[in-house]
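Engineer: Dumping the structure here so I can ask a few things about it.
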Amino acid sequence: MSYYQFKSSRTSDRNRRPSYPRSNSRGPKKENIHPSRFIQSAKLETELEYKPTHNFSDFEVHSVIHDNLARKNFTAPTAIQDQTIPIGLAGKDIVGIANTGTGKTAAFAIPMLNKLMSDKNSAALIMAPTRELAQQIEEECRSIAKNSGIHGAILIGGVAMGPQLRDLRMNPQIVIGTPGRIKDHATQGSLNLGRFNIVVLDEVDRMLDMGFINDISHILKLTASNRQSFFFSATLDSRVKTIIEGFSSDPVHIIVKTGDTSNNVEQNIVTYMGKEEKIKKLHELLIQDGVTKTLVFDDTHRSVEKLSKELEMRGFITDAIHGGKSQAQRQKALKRFKDNQIKILVATDVAARGIDVADITHVVNYSTPQTYGDYVHRIGRAGRAGRLGYALTFIEK
């Protein structure tokens, strides 16, 4: 099947991806974040100042890509796209540091797909921290590669291995997946990593946070030695640098990050005393004018389910998403949220990456995040596409 027709199986299966840290006594302690770091005024105008030096029509890419970009109404690239695409087309390794929601997928997808269309012997491997982000990347690549004849496969947990094995037997030019499932296929011999001469690691910092460092290192060692590598991350700490230095050749660093958090997000705290006041204040928040689409974060599978049911009992139409649900259930909840069938989605940090819903108005941290980095990625779900968003973090008095 051609790549733009690809869709993943929705059959339930066991997912070997590492669990997210929990805030109970058995898990690592939460980072001690001062409440003042959850308070920041939005500066919407700063996000709109970038003046690109190119239009998408300027890039020397295959006509199929130009046609699909025009169909998607892509005209002026974002900062990360404007600066990354020409260097990627030149075949150089790239380290991209950018805020979430800045269009990183198209930044690597356009030069990657152009290479695959020009050289049918090339193959690309893309790794992402979560199933949702892998699927989001697959959808974006499929839309840019429409009518190209490129084949693809998506390898994620929570779905059956059978359909993935079938797609791999077709020798796809693009493989997108999470590190755990990619390693599973490589170990059992269904995925020959040696043929991949383009490698993309999206949200490297988050993959390392989730404990994927050994899987990533194992996978990269098995890919083609003469390869082009793209590394994208919101941060460039020592762990990320170690991966990059070990598996890239003189990369070009492109840093377009404007700050720790999006300037488009108005951030504040909500103080409470005890569980009863906490749920009461959440209820009051959700019925305010202007709160039209809300993503609510809580710590664990159990707490997310409990909160979602509590909100349903109070008359709200809501759904829940966490690592304990099958991939089909998670996809269904996300689709309902995107299609405005529900206006409230309660989630663990599994949803902090890879949710591409442009009209989320509010992110509510009903529980404080594990780390400040998690906070940044949680609230990055609001204030997208130049819109003003709001982030509210519940703090016990």
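Every chain in the structure tokens takes a letter, A first, then B, and so on in the order presented; its residues are numbered from 1, and the ligands are numbered from 1 following the presented order.
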Fewer than 3 positions away in the same chain doesn't count, so skip those; otherwise give me all residues within 7 Å of range 298-315 of chain A, counting only C-alpha atoms, as a list in words.

Structural biologist: Arg22, Ser23, Thr318, Asp319, Ala320, His322, Gly324, Val346, Ala347, Thr348, Asn365, Tyr366 and Ser367 of chain A

Engineer: Show me, as a list in words, the residues that have an atom within 10 Å of Lys51 in chain A when counting only C-alpha atoms, minus same-chain residues fewer than 4 positions from it.

Structural biologist: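 Listing them by chain and then by number gives Ala76, Pro77, Thr78, Ala79 and Asp82 of chain A.
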
Engineer: Which range 91-157 of chain A residues have any atom within 12 Å of an atom of range 183-192 of chain A, and for each, what is the nearest pair of atoms with distance in Å to one decimal, counting only C-alpha atoms, rows sorted by chain and number, as JSON lines?

Structural biologist:
{"residue": "A:Ala123", "atom": "CA", "partner": "A:Asn192", "partner_atom": "CA", "distance": 10.8}
{"residue": "A:Ala124", "atom": "CA", "partner": "A:Asn192", "partner_atom": "CA", "distance": 11.9}
{"residue": "A:Leu125", "atom": "CA", "partner": "A:Leu191", "partner_atom": "CA", "distance": 10.8}
{"residue": "A:Met127", "atom": "CA", "partner": "A:Lys183", "partner_atom": "CA", "distance": 10.7}
{"residue": "A:Ala153", "atom": "CA", "partner": "A:Leu191", "partner_atom": "CA", "distance": 10.8}
{"residue": "A:Ile154", "atom": "CA", "partner": "A:His185", "partner_atom": "CA", "distance": 11.6}
{"residue": "A:Leu155", "atom": "CA", "partner": "A:His185", "partner_atom": "CA", "distance": 8.5}
{"residue": "A:Ile156", "atom": "CA", "partner": "A:Asp184", "partner_atom": "CA", "distance": 10.1}
{"residue": "A:Gly157", "atom": "CA", "partner": "A:Asp184", "partner_atom": "CA", "distance": 10.0}

Engineer: Those same residues - C-alpha atoms - I'd like them written as a tab-separated table (two decimals), in the first residue's frame.

Structural biologist:
chain	number	residue	atom	x	y	z
A	123	ALA	CA	14.93	4.80	4.16
A	124	ALA	CA	13.99	6.92	7.18
A	125	LEU	CA	13.47	5.92	10.80
A	127	MET	CA	11.43	7.81	16.87
A	153	ALA	CA	4.82	1.61	8.68
A	154	ILE	CA	4.02	2.77	12.19
A	155	LEU	CA	5.37	0.70	15.08
A	156	ILE	CA	3.81	1.51	18.45
A	157	GLY	CA	2.66	-0.39	21.51

Engineer: When DSSP works through the backbone of this structure, what residues of range 291-396 of chain A end up as alpha helix (DSSP H), shown as number ranges by chain?

Structural biologist: A: 301-313, 327-338, 372-379

Engineer: Can you pull out every residue within 10 Å of Arg330 in chain A, counting only C-alpha atoms, but drop anything in the same chain fewer than 2 positions away, and send it as a list in words?

Structural biologist: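 Returned residues: Arg131, Glu132, Gly158, Asp319, Ala320, Ile321, His322, Gly323, Gly324, Lys325, Ser326, Gln327, Ala328, Lys332, Ala333, Leu334, Lys335, Arg336 and Ala351 of chain A.
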
Engineer: In Å, with one decimal, what is the gap from CA of Gln329 in chain A to CA of Ile360 in chain A?

Structural biologist: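 It comes out at 20.4 Å.
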
Engineer: Hey, which of A:Met170, A:Val199, A:Ile395, A:Ile126 ends up closest to Lys278 in chain A? Count only C-alpha atoms.

Structural biologist: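 The closest residue to Lys278 in chain A is A:Ile395.
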
Engineer: Which distance in Å separates CA of Leu133 in chain A and CA of Phe38 in chain A, to one decimal?

Structural biologist: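 Interatomic distance, CA of Leu133 in chain A to CA of Phe38 in chain A: 25.2 Å.
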
Engineer: In terms of the shortest atom-to-atom distance over only C-alpha atoms, which of A:Gln228, A:Gln83, A:Gln267, A:Ser148 is closest to Lys104 in chain A?

Structural biologist: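 Of all the options, A:Gln83 lies closest to Lys104 in chain A.
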